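> I am sharing protein35.cif, which consists of mmCIF, C-alpha atoms:
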```cif
data_structure
#
loop_
_atom_site.label_atom_id
_atom_site.label_comp_id
_atom_site.auth_asym_id
_atom_site.auth_seq_id
_atom_site.Cartn_x
_atom_site.Cartn_y
_atom_site.Cartn_z
CA MET Z 3 44.33 53.13 120.12
CA THR Z 4 44.73 56.50 121.85
CA PHE Z 5 47.57 57.42 119.51
CA VAL Z 6 45.53 56.41 116.46
CA VAL Z 7 42.53 58.45 117.63
CA THR Z 8 44.73 61.48 118.33
CA ALA Z 9 46.50 61.22 114.98
CA GLY Z 10 43.17 60.78 113.24
CA ALA Z 11 41.80 63.90 114.90
CA ALA Z 12 44.87 65.90 113.79
CA ALA Z 13 44.56 64.54 110.23
CA LYS Z 14 40.86 65.38 110.15
CA ALA Z 15 41.52 68.93 111.38
CA TRP Z 16 44.11 69.52 108.65
CA LEU Z 17 41.94 68.04 105.90
CA VAL Z 18 39.01 70.17 107.04
CA THR Z 19 41.29 73.21 106.85
CA LEU Z 20 42.23 72.27 103.28
CA ALA Z 21 38.56 71.88 102.41
CA MET Z 22 37.89 75.31 103.89
CA MET Z 23 40.72 76.78 101.77
CA ALA Z 24 39.31 75.12 98.66
CA GLY Z 25 35.81 76.39 99.36
CA GLN Z 26 36.81 79.97 100.08
CA GLY Z 27 39.22 80.04 97.14
CA THR Z 28 36.50 78.72 94.83
CA LEU Z 29 34.06 81.39 96.00
CA LEU Z 30 36.71 84.05 95.45
CA ALA Z 31 37.49 82.63 91.99
CA LEU Z 32 33.82 82.98 91.03
CA VAL Z 33 33.89 86.62 92.10
CA ALA Z 34 37.11 87.19 90.15
CA PHE Z 35 35.64 85.53 87.06
CA ALA Z 36 32.57 87.77 87.27
CA LEU Z 37 34.74 90.87 87.65
CA ALA Z 38 36.98 89.91 84.74
CA ARG Z 39 34.05 89.20 82.41
CA ALA Z 40 31.75 92.04 83.42
CA GLY Z 41 34.34 94.79 83.51
CA LYS Z 42 36.46 93.73 80.51
CA LEU Z 43 39.50 94.56 82.58
CA ARG Z 44 42.94 95.23 81.18
CA PRO Z 45 45.46 92.34 81.38
CA ALA Z 46 47.35 93.91 84.30
CA TRP Z 47 44.12 94.14 86.30
CA GLN Z 48 43.15 90.57 85.51
CA ALA Z 49 46.60 89.26 86.42
CA ALA Z 50 46.48 91.07 89.78
CA ILE Z 51 42.97 89.81 90.57
CA TRP Z 52 43.82 86.20 89.72
CA LEU Z 53 47.06 86.41 91.69
CA VAL Z 54 45.09 87.38 94.80
CA VAL Z 55 42.87 84.34 94.25
CA MET Z 56 45.96 82.14 93.96
CA ILE Z 57 47.38 83.56 97.19
CA LYS Z 58 44.08 82.78 98.90
CA LEU Z 59 44.34 79.18 97.71
CA ALA Z 60 47.92 78.93 98.99
CA LEU Z 61 47.44 80.44 102.46
CA PRO Z 62 45.46 78.54 105.12
CA TRP Z 63 45.06 81.60 107.34
CA GLY Z 64 45.19 85.37 107.15
CA PRO Z 65 45.07 88.31 109.55
CA ALA Z 66 41.60 88.89 111.01
CA MET Z 67 39.90 91.67 109.05
CA PRO Z 68 36.36 93.06 109.33
CA PHE Z 69 34.18 92.61 106.24
CA SER Z 70 36.65 90.17 104.69
CA LEU Z 71 35.37 87.14 102.81
CA SER Z 72 36.32 84.78 105.65
CA ASP Z 73 34.72 87.07 108.22
CA LEU Z 74 31.44 87.21 106.28
CA ILE Z 75 31.41 83.42 105.95
CA ALA Z 76 32.06 83.04 109.69
CA MET Z 77 29.30 85.53 110.47
CA PHE Z 78 26.76 83.57 108.45
CA HIS Z 79 28.05 80.36 110.01
CA ASP Z 80 27.48 81.74 113.51
CA HIS Z 81 23.87 82.55 112.71
CA ALA Z 82 23.22 79.28 110.89
CA THR Z 83 24.73 76.82 113.34
CA SER Z 84 24.87 76.20 117.04
CA ALA Z 85 26.98 74.02 119.28
CA PRO Z 86 26.43 70.32 118.57
CA PRO Z 87 24.27 68.64 121.18
CA ILE Z 88 25.47 65.65 123.16
CA VAL Z 89 22.83 62.96 123.41
CA VAL Z 90 22.19 61.80 126.97
CA GLY Z 91 21.28 58.16 127.19
CA THR Z 92 18.97 56.30 129.51
CA PRO Z 93 20.22 54.92 132.85
CA GLY Z 94 22.82 52.26 132.37
CA HIS Z 95 24.00 53.49 128.98
CA THR Z 96 26.90 55.67 128.06
CA ILE Z 97 26.40 59.38 127.37
CA ALA Z 98 27.96 59.16 123.91
CA ALA Z 99 29.44 56.51 121.75
CA ALA Z 100 33.11 55.93 122.36
CA PRO Z 101 35.51 57.08 119.67
CA GLN Z 102 36.50 54.19 117.45
CA ALA Z 103 39.74 53.55 115.66
CA TRP Z 104 38.33 52.87 112.19
CA PRO Z 105 37.25 56.46 111.36
CA ALA Z 106 40.59 57.71 112.67
CA VAL Z 107 42.41 55.26 110.41
CA GLY Z 108 40.37 56.54 107.48
CA TRP Z 109 41.35 60.14 108.16
CA ILE Z 110 44.98 59.12 108.51
CA ALA Z 111 44.83 57.28 105.19
CA LEU Z 112 43.36 60.35 103.47
CA ALA Z 113 46.08 62.52 105.00
CA ILE Z 114 48.76 60.15 103.71
CA ILE Z 115 47.26 60.28 100.21
CA TRP Z 116 47.27 64.09 100.40
CA MET Z 117 50.90 64.14 101.54
CA LEU Z 118 51.95 61.87 98.68
CA GLY Z 119 50.24 64.12 96.16
CA ALA Z 120 51.72 67.29 97.68
CA ALA Z 121 55.18 65.73 97.78
CA TRP Z 122 54.89 64.74 94.11
CA VAL Z 123 53.93 68.30 93.09
CA VAL Z 124 56.71 69.91 95.14
CA GLY Z 125 59.31 67.35 94.09
CA ARG Z 126 58.49 67.76 90.43
CA ALA Z 127 58.72 71.54 90.72
CA VAL Z 128 62.02 71.41 92.61
CA LEU Z 129 63.63 69.06 90.10
CA ALA Z 130 62.43 71.15 87.15
CA GLN Z 131 63.64 74.36 88.73
CA ARG Z 132 67.05 72.90 89.56
CA ALA Z 133 67.45 71.68 85.99
CA THR Z 134 66.41 75.09 84.61
CA THR Z 135 68.77 76.98 86.94
CA ARG Z 136 71.67 74.64 86.20
CA ALA Z 137 71.14 74.99 82.46
CA ALA Z 138 71.01 78.79 82.70
CA ARG Z 139 74.21 78.97 84.74
CA MET Z 140 76.08 76.71 82.33
CA ALA Z 141 74.81 78.44 79.17
CA PRO Z 142 77.25 80.68 77.25
CA LEU Z 143 76.96 84.44 77.50
CA ALA Z 144 75.18 86.31 74.74
CA PRO Z 145 77.33 88.13 72.13
CA PRO Z 146 78.35 91.74 72.82
CA HIS Z 147 75.66 93.37 70.68
CA ALA Z 148 72.92 91.44 72.57
CA LEU Z 149 74.45 92.40 75.93
CA ALA Z 150 74.60 96.02 74.82
CA LEU Z 151 70.93 95.92 73.83
CA LEU Z 152 70.00 94.42 77.18
CA GLY Z 153 71.97 97.14 78.99
CA GLU Z 154 70.21 99.85 76.99
CA LEU Z 155 66.75 98.45 77.68
CA SER Z 156 67.51 97.79 81.36
CA ALA Z 157 68.63 101.39 81.87
CA ARG Z 158 65.53 102.70 80.13
CA VAL Z 159 63.06 100.72 82.22
CA ARG Z 160 65.18 100.79 85.41
CA VAL Z 161 65.48 97.03 85.78
CA ARG Z 162 68.85 95.51 86.59
CA VAL Z 163 69.62 92.20 84.85
CA PRO Z 164 73.12 90.84 85.53
CA HIS Z 165 73.21 88.14 82.86
CA LEU Z 166 71.95 87.34 79.37
CA VAL Z 167 72.75 83.84 78.11
CA ILE Z 168 72.02 81.75 75.05
CA GLY Z 169 69.94 78.69 75.83
CA GLU Z 170 68.89 75.68 73.82
CA ALA Z 171 67.29 76.13 70.43
CA ASP Z 172 64.00 74.44 71.40
CA ILE Z 173 63.44 76.45 74.59
CA GLY Z 174 61.85 79.89 74.40
CA PRO Z 175 62.97 83.07 76.22
CA HIS Z 176 62.52 82.92 79.97
CA VAL Z 177 63.77 84.33 83.27
CA VAL Z 178 65.58 82.32 85.94
CA GLY Z 179 66.24 83.48 89.50
CA VAL Z 180 64.87 86.09 91.89
CA LEU Z 181 67.71 88.13 93.40
CA ARG Z 182 70.07 87.86 90.41
CA PRO Z 183 67.80 87.06 87.47
CA ILE Z 184 69.19 85.51 84.32
CA VAL Z 185 67.48 86.08 80.98
CA VAL Z 186 67.76 83.11 78.64
CA VAL Z 187 67.05 83.45 74.91
CA PRO Z 188 67.29 80.86 72.12
CA PRO Z 189 70.06 81.29 69.53
CA GLY Z 190 67.51 81.99 66.77
CA LEU Z 191 66.74 85.42 68.25
CA VAL Z 192 70.29 86.69 68.63
CA ASP Z 193 70.73 87.77 65.00
CA ASP Z 194 67.32 89.43 64.65
CA ALA Z 195 67.58 92.77 66.45
CA GLY Z 196 63.85 93.57 66.25
CA LEU Z 197 62.65 90.25 67.63
CA LEU Z 198 65.41 90.21 70.25
CA ARG Z 199 64.36 93.67 71.46
CA ALA Z 200 60.75 92.56 71.77
CA ALA Z 201 61.69 89.34 73.58
CA LEU Z 202 63.97 91.16 76.03
CA LEU Z 203 61.29 93.73 76.83
CA HIS Z 204 58.82 90.94 77.54
CA GLU Z 205 61.23 89.25 79.93
CA LEU Z 206 62.07 92.58 81.60
CA ALA Z 207 58.35 92.99 82.20
CA HIS Z 208 58.33 89.67 84.05
CA ILE Z 209 61.22 90.88 86.20
CA ARG Z 210 59.52 94.20 86.97
CA ARG Z 211 56.35 92.38 87.99
CA ARG Z 212 58.29 89.83 90.09
CA ASP Z 213 56.45 87.03 88.35
CA VAL Z 214 59.01 84.46 89.51
CA LEU Z 215 57.72 84.91 93.07
CA ALA Z 216 54.17 84.55 91.82
CA ARG Z 217 55.09 81.24 90.21
CA PHE Z 218 56.28 79.92 93.57
CA ILE Z 219 52.89 80.87 95.04
CA GLN Z 220 51.26 78.90 92.25
CA ILE Z 221 53.39 75.88 93.10
CA ALA Z 222 52.44 76.16 96.78
CA ALA Z 223 48.73 76.32 95.94
CA GLY Z 224 49.10 73.40 93.54
CA ALA Z 225 50.80 71.32 96.22
CA LEU Z 226 48.28 72.08 98.96
CA LEU Z 227 45.21 71.62 96.78
CA TRP Z 228 46.48 69.29 94.06
CA TRP Z 229 43.19 67.42 94.17
CA TRP Z 230 41.02 70.49 93.50
CA PRO Z 231 40.48 71.35 89.79
CA VAL Z 232 39.71 75.00 90.54
CA VAL Z 233 43.42 75.55 91.27
CA ARG Z 234 44.33 74.48 87.74
CA ILE Z 235 41.64 76.72 86.26
CA VAL Z 236 42.86 79.74 88.25
CA ASN Z 237 46.44 78.89 87.31
CA ARG Z 238 45.63 78.93 83.58
CA ARG Z 239 43.79 82.23 83.81
CA LEU Z 240 46.61 83.79 85.80
CA GLU Z 241 49.18 82.59 83.26
CA ALA Z 242 47.20 83.98 80.34
CA ALA Z 243 46.58 87.34 82.03
CA ARG Z 244 50.21 87.65 83.10
CA GLU Z 245 51.59 86.98 79.62
CA ALA Z 246 49.11 89.42 78.11
CA ALA Z 247 50.12 92.05 80.67
CA CYS Z 248 53.79 91.62 79.75
CA ASP Z 249 52.91 91.88 76.07
CA ALA Z 250 51.06 95.14 76.68
CA TRP Z 251 53.95 96.53 78.75
CA ALA Z 252 56.55 95.58 76.13
CA LEU Z 253 54.54 97.26 73.35
CA GLU Z 254 53.86 100.36 75.42
CA THR Z 255 57.53 100.71 76.39
CA SER Z 256 59.08 100.27 72.94
CA ASP Z 257 58.60 101.11 69.30
CA VAL Z 258 58.48 97.47 68.21
CA PRO Z 259 55.92 97.05 65.39
CA ARG Z 260 52.85 95.17 66.51
CA ALA Z 261 52.97 92.85 63.50
CA ALA Z 262 56.56 91.91 64.35
CA TYR Z 263 55.62 91.24 67.96
CA ALA Z 264 52.72 89.04 66.85
CA ARG Z 265 55.10 87.05 64.64
CA LEU Z 266 57.38 86.65 67.65
CA LEU Z 267 54.53 85.20 69.72
CA VAL Z 268 53.61 82.69 67.02
CA ARG Z 269 57.22 81.68 66.52
CA MET Z 270 57.94 81.28 70.23
CA ALA Z 271 54.74 79.32 70.89
CA SER Z 272 56.27 76.35 69.06
CA LEU Z 273 59.08 76.19 71.64
CA ARG Z 274 59.04 74.80 75.14
CA ALA Z 275 58.76 77.06 78.18
CA GLY Z 276 61.75 77.55 80.45
CA GLY Z 277 60.62 75.63 83.52
CA VAL Z 278 58.00 75.19 86.20
CA ALA Z 279 58.98 78.38 88.05
CA ALA Z 280 60.31 80.35 85.05
CA PRO Z 281 57.99 82.91 83.41
CA ALA Z 282 58.39 82.55 79.66
CA LEU Z 283 57.36 84.36 76.52
CA ALA Z 284 57.00 80.94 74.93
CA ALA Z 285 54.02 80.10 77.13
CA HIS Z 286 51.26 79.13 74.69
CA HIS Z 287 48.33 79.90 76.99
CA ALA Z 288 45.58 81.69 75.05
CA LEU Z 289 47.88 82.34 72.08
CA ASP Z 290 45.01 83.41 69.78
CA ALA Z 291 43.80 85.95 72.33
CA ARG Z 292 47.32 87.28 72.82
CA VAL Z 293 47.90 87.74 69.11
CA ALA Z 294 44.49 89.42 68.72
CA ALA Z 295 45.29 91.78 71.61
CA VAL Z 296 48.70 92.64 70.14
CA LEU Z 297 47.20 93.46 66.74
CA GLY Z 298 44.26 95.31 68.27
CA PRO Z 299 44.03 98.80 69.77
CA PRO Z 300 46.76 99.80 72.24
CA VAL Z 301 46.07 98.86 75.86
CA ARG Z 302 47.44 100.76 78.81
CA ALA Z 303 49.80 98.46 80.67
CA ARG Z 304 50.48 100.36 83.90
CA LEU Z 305 48.19 100.79 86.90
CA GLY Z 306 47.76 104.25 88.41
CA TRP Z 307 47.46 105.08 92.07
CA LEU Z 308 43.67 104.68 91.96
CA GLY Z 309 43.95 101.23 90.44
CA ARG Z 310 46.53 100.17 93.00
CA SER Z 311 44.29 101.41 95.81
CA VAL Z 312 41.36 99.40 94.46
CA LEU Z 313 43.53 96.31 94.17
CA ALA Z 314 44.77 96.80 97.74
CA GLY Z 315 41.16 96.88 98.93
CA TRP Z 316 40.41 93.75 96.92
CA ALA Z 317 43.39 91.99 98.52
CA LEU Z 318 42.26 92.95 102.04
CA VAL Z 319 38.74 91.68 101.44
CA ALA Z 320 40.00 88.49 99.77
CA LEU Z 321 42.92 87.56 102.03
CA GLY Z 322 41.68 88.73 105.42
CA GLY Z 323 40.81 86.09 108.00
CA ALA Z 324 37.75 85.75 110.18
CA ARG Z 325 37.52 87.62 113.46
CA SER Z 326 36.62 85.91 116.71
CA ALA Z 327 33.00 85.78 117.78
CA SER Z 328 33.66 88.37 120.48
CA ALA Z 329 35.26 90.74 117.95
CA ARG Z 330 32.16 90.49 115.76
CA GLY Z 331 29.96 91.22 118.76
CA HIS Z 332 28.39 87.78 118.68
CA VAL Z 333 26.55 87.41 122.00
CA GLU Z 334 25.03 84.32 123.53
CA ALA Z 335 22.44 84.29 126.28
CA CYS Z 336 23.25 82.58 129.55
CA HIS Z 337 21.51 79.31 130.31
CA TYR Z 338 22.67 78.44 133.80
CA THR Z 339 19.72 78.56 136.21
CA PRO Z 340 19.18 77.43 139.82
CA ALA Z 341 17.07 74.50 138.59
CA LEU Z 342 19.88 73.32 136.31
CA ALA Z 343 22.40 73.77 139.13
CA ALA Z 344 20.30 71.57 141.43
CA THR Z 345 19.91 68.94 138.71
CA LEU Z 346 23.65 68.85 138.06
CA TYR Z 347 24.51 68.66 141.73
CA ALA Z 348 22.13 65.73 142.22
CA ALA Z 349 23.70 63.89 139.29
CA TYR Z 350 27.35 64.84 139.86
CA PRO Z 351 27.96 65.84 143.50
CA GLN Z 352 31.70 65.34 142.99
CA ALA Z 353 31.70 68.44 140.78
CA ASP Z 354 31.12 70.59 143.90
CA LEU Z 355 34.79 71.29 144.47
CA ASP Z 356 34.38 73.83 147.29
CA GLY Z 357 31.86 71.66 149.19
CA ASP Z 358 29.22 74.38 149.64
CA GLY Z 359 26.37 72.13 148.53
CA GLN Z 360 25.75 73.78 145.19
CA LEU Z 361 27.47 74.08 141.80
CA SER Z 362 28.66 77.51 140.85
CA ARG Z 363 28.84 78.54 137.23
CA ALA Z 364 32.62 77.92 137.15
CA GLU Z 365 32.17 74.42 138.62
CA ALA Z 366 29.46 73.70 136.05
CA CYS Z 367 31.76 74.80 133.25
CA ASP Z 368 34.52 72.50 134.49
CA LEU Z 369 31.98 69.68 134.57
CA GLN Z 370 30.85 70.51 131.06
CA VAL Z 371 34.39 70.31 129.74
CA GLU Z 372 34.90 66.96 131.49
CA LEU Z 373 31.66 65.57 130.09
CA ARG Z 374 32.57 66.64 126.59
CA ARG Z 375 36.10 65.27 126.74
CA ASP Z 376 35.38 61.98 128.47
CA ARG Z 377 32.12 60.92 126.88
CA GLN Z 378 33.18 57.33 126.41
CA GLU Z 379 33.92 56.79 130.11
CA LEU Z 380 30.78 58.33 131.61
CA THR Z 381 27.37 56.81 132.28
CA THR Z 382 24.26 58.81 132.90
CA ARG Z 383 22.82 59.06 136.37
CA LEU Z 384 19.83 61.22 135.51
CA SER Z 385 16.18 60.45 135.41
CA PRO Z 386 14.48 60.76 132.03
CA GLU Z 387 12.88 64.00 133.20
CA ALA Z 388 16.30 65.64 133.65
CA GLU Z 389 17.77 64.56 130.32
CA GLU Z 390 16.49 67.55 128.34
CA GLU Z 391 17.89 70.10 130.78
CA LEU Z 392 21.28 68.39 130.89
CA GLN Z 393 21.37 68.30 127.10
CA SER Z 394 20.98 72.08 127.19
CA LEU Z 395 24.04 72.22 129.45
CA LEU Z 396 26.15 70.20 127.06
CA SER Z 397 25.08 71.96 123.87
CA GLU Z 398 24.97 75.64 124.90
CA PRO Z 399 27.45 78.09 126.46
CA LEU Z 400 27.30 78.65 130.21
CA CYS Z 401 28.89 82.11 130.18
CA CYS Z 402 31.95 80.94 132.04
CA ASN Z 403 33.68 84.24 131.42
CA SER Z 404 30.82 86.44 132.62
CA PRO Z 405 31.99 88.92 135.28
CA GLY Z 406 30.51 89.12 138.74
CA PRO Z 407 30.44 86.96 141.87
CA GLU Z 408 26.87 85.70 141.41
CA VAL Z 409 26.37 81.96 141.27
CA TYR Z 410 23.72 82.01 138.56
CA SER Z 411 23.11 83.98 135.37
CA ASN Z 412 19.70 85.35 134.53
CA PRO Z 413 18.88 84.72 130.86
CA GLU Z 414 16.55 87.72 130.76
CA SER Z 415 19.06 90.28 132.01
CA VAL Z 416 22.56 88.87 131.56
CA SER Z 417 24.46 87.95 128.41
CA CYS Z 418 28.07 87.17 127.74
CA GLN Z 419 30.45 86.34 124.94
CA ASN Z 420 30.53 82.81 123.61
CA VAL Z 421 33.00 80.61 125.45
CA LEU Z 422 35.70 79.85 122.86
CA GLY Z 423 37.73 77.75 125.25
CA VAL Z 424 35.12 75.03 125.64
CA GLU Z 425 35.62 72.41 122.99
CA PRO Z 426 32.53 70.84 121.43
#
```
Rewrite the coordinates I just gave you, this time as structure tokens.

Amino acid sequence: MTFVVTAGAAAKAWLVTLAMMAGQGTLLALVAFALARAGKLRPAWQAAIWLVVMIKLALPWGPAMPFSLSDLIAMFHDHATSAPPIVVGTPGHTIAAAPQAWPAVGWIALAIIWMLGAAWVVGRAVLAQRATTRAARMAPLAPPHALALLGELSARVRVRVPHLVIGEADIGPHVVGVLRPIVVVPPGLVDDAGLLRAALLHELAHIRRRDVLARFIQIAAGALLWWWPVVRIVNRRLEAAREAACDAWALETSDVPRAAYARLLVRMASLRAGGVAAPALAAHHALDARVAAVLGPPVRARLGWLGRSVLAGWALVALGGARSASARGHVEACHYTPALAATLYAAYPQADLDGDGQLSRAEACDLQVELRRDRQELTTRLSPEAEEELQSLLSEPLCCNSPGPEVYSNPESVSCQNVLGVEP
């Protein structure tokens, strides 16, 4: 039973962490949605904002940062909640109900269901990526004129691409690999120099933006929070913004006619994408909006130093973790008085470890930890009149880390940081 209870507590802690990630990521997604709609941001801005949201959904923790989203949530939580009280029973009854195995088994079952879902998402992504990589490595090299065009474009935009291969006819252009990327194009594009140029520029944009790495972050978020629909919504918006950003960059970098590029998008949308972790021009997300943007007024694709600074600030606010209560200056008043010391000593004389006939603050803190950890084994020895004061002991901090040799703390003149080491 002890093992089941311990495993259930660990499973509960992890599931609560996942729920926290889902909640914070959802709040951040709402902010990102408001920013994207209100500001009518360029595709590169939208892709960066949604990528930060996806990173937040994929990372359980982040470095403690003041004024971050997590820090603000923790600050409100500190003011809205207090330590949970421990109900003290009447003589002859236990202080708290003993932990039972059935809720622990329930938490373990939920954790197993989560692990199965996460394993399915990761396994599916791994198999798809292996198949995509194997197909790209076995595909024949592109003809010399296509390789020469790729070399020309790569030198112009300062992106090194070792390989250009011809893939299957029903799979659209895509990029495979991180360190040594491979560009894969269907055979139907090889003989059309204009469309091939546009397709290569689009894929070079993916390489410049390191979108393959972003796709792995999407897979991680999808595995951790596979049960949360907000992840799929954020994923679709990130995909659409990323493809639109690559379209804008390809048009800004080349002299490809916009009508020809729009025809390329429509033609490639009928093909399959390259793989789970392979950015692809053939992605059909928001095709109508992409075509309308391509045929509309030119859009600046690059971000200046000011835009990058703003995005860095957004990332710090979004991804930063919560500071400790002491770092935020959260102060609790002391509640250990001579009357409470006398009450505790009368009820638990064995807590007087030094035998001086009274309980110091440190001895009371040790007793508090023992009472909280061993609720199921303890019975109350207090009169009904002392129950309320003992409940204050169990539910509020005793300032165990307050400096000074005094035995008691005066609530009117002494305060100390909340005791983080005492478990509720």
> Name the residues that the PyMOL selection byres ((chain Z and resi 223-233) around 12) picks from the file above, as an MDAnalysis selection string, using the file's chain letters and numbers.
chainID Z and resid 16:17 19:32 35 52:62 112:113 115:128 216:222 234:240 278
> Would you pick out the contacts of range 194-200 of chain Z at 10 Å or less, using all atoms listed in the file, so that residues sharing its chain but fewer than 2 positions from it are not included, and give the list as a CSV table (one decimal) with C-alpha atoms, in the coordinates of the input?

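Now in part21.csv:
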```csv
chain,number,residue,atom,x,y,z
Z,147,HIS,CA,75.7,93.4,70.7
Z,148,ALA,CA,72.9,91.4,72.6
Z,151,LEU,CA,70.9,95.9,73.8
Z,152,LEU,CA,70.0,94.4,77.2
Z,155,LEU,CA,66.8,98.4,77.7
Z,175,PRO,CA,63.0,83.1,76.2
Z,187,VAL,CA,67.0,83.4,74.9
Z,188,PRO,CA,67.3,80.9,72.1
Z,189,PRO,CA,70.1,81.3,69.5
Z,190,GLY,CA,67.5,82.0,66.8
Z,191,LEU,CA,66.7,85.4,68.2
Z,192,VAL,CA,70.3,86.7,68.6
Z,202,LEU,CA,64.0,91.2,76.0
Z,203,LEU,CA,61.3,93.7,76.8
Z,204,HIS,CA,58.8,90.9,77.5
Z,205,GLU,CA,61.2,89.2,79.9
Z,206,LEU,CA,62.1,92.6,81.6
Z,249,ASP,CA,52.9,91.9,76.1
Z,252,ALA,CA,56.6,95.6,76.1
Z,253,LEU,CA,54.5,97.3,73.4
Z,255,THR,CA,57.5,100.7,76.4
Z,256,SER,CA,59.1,100.3,72.9
Z,257,ASP,CA,58.6,101.1,69.3
Z,258,VAL,CA,58.5,97.5,68.2
Z,259,PRO,CA,55.9,97.0,65.4
Z,260,ARG,CA,52.8,95.2,66.5
Z,262,ALA,CA,56.6,91.9,64.4
Z,263,TYR,CA,55.6,91.2,68.0
Z,265,ARG,CA,55.1,87.0,64.6
Z,266,LEU,CA,57.4,86.6,67.6
Z,267,LEU,CA,54.5,85.2,69.7
```
> Calculated over only C-alpha atoms, which of the candidates Z:Trp109, Z:Trp251, Z:Trp307, Z:Tyr350 has the smallest distance to Ala12 in chain Z?
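The answer is Z:Trp109, which sits nearest to Ala12 in chain Z.
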> Edge lengths and centre in Å to one decimal, as JSON, is what I'm after for the box along x, y and z that holds all listed atoms of range 246-263 of chain Z once 8 Å is added on each side.

```
{"center_x": 54.1, "center_y": 95.3, "center_z": 72.1, "size_x": 26.0, "size_y": 27.7, "size_z": 33.2}
```
> So, with all atoms listed in the file as the atoms that count, which of Z:Thr8, Z:Ser72, Z:Gln360, Z:Gln48 lies closest to Ala324 in chain Z?
Z:Ser72
> List the residues matched by the PyMOL selection byres ((chain Z and resi 353) around 10) in the displayed structure as a list in words, ordered by chain and then by residue number.
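Checked against the file, the PyMOL selection byres ((chain Z and resi 353) around 10) matches Leu346, Tyr347, Ala349, Tyr350, Pro351, Gln352, Asp354, Leu355, Asp356, Gly357, Gln360, Leu361, Ser362, Glu365, Ala366, Cys367, Asp368, Leu369, Gln370 and Glu372 of chain Z.
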> I'd like to see the residues matched by the PyMOL selection byres ((chain Z and resi 301) around 9) on this file, and ideally I'd get them as a list of chain:residue names.
Z:Arg44, Z:Pro45, Z:Ala250, Z:Trp251, Z:Leu253, Z:Glu254, Z:Ala295, Z:Val296, Z:Gly298, Z:Pro299, Z:Pro300, Z:Arg302, Z:Ala303
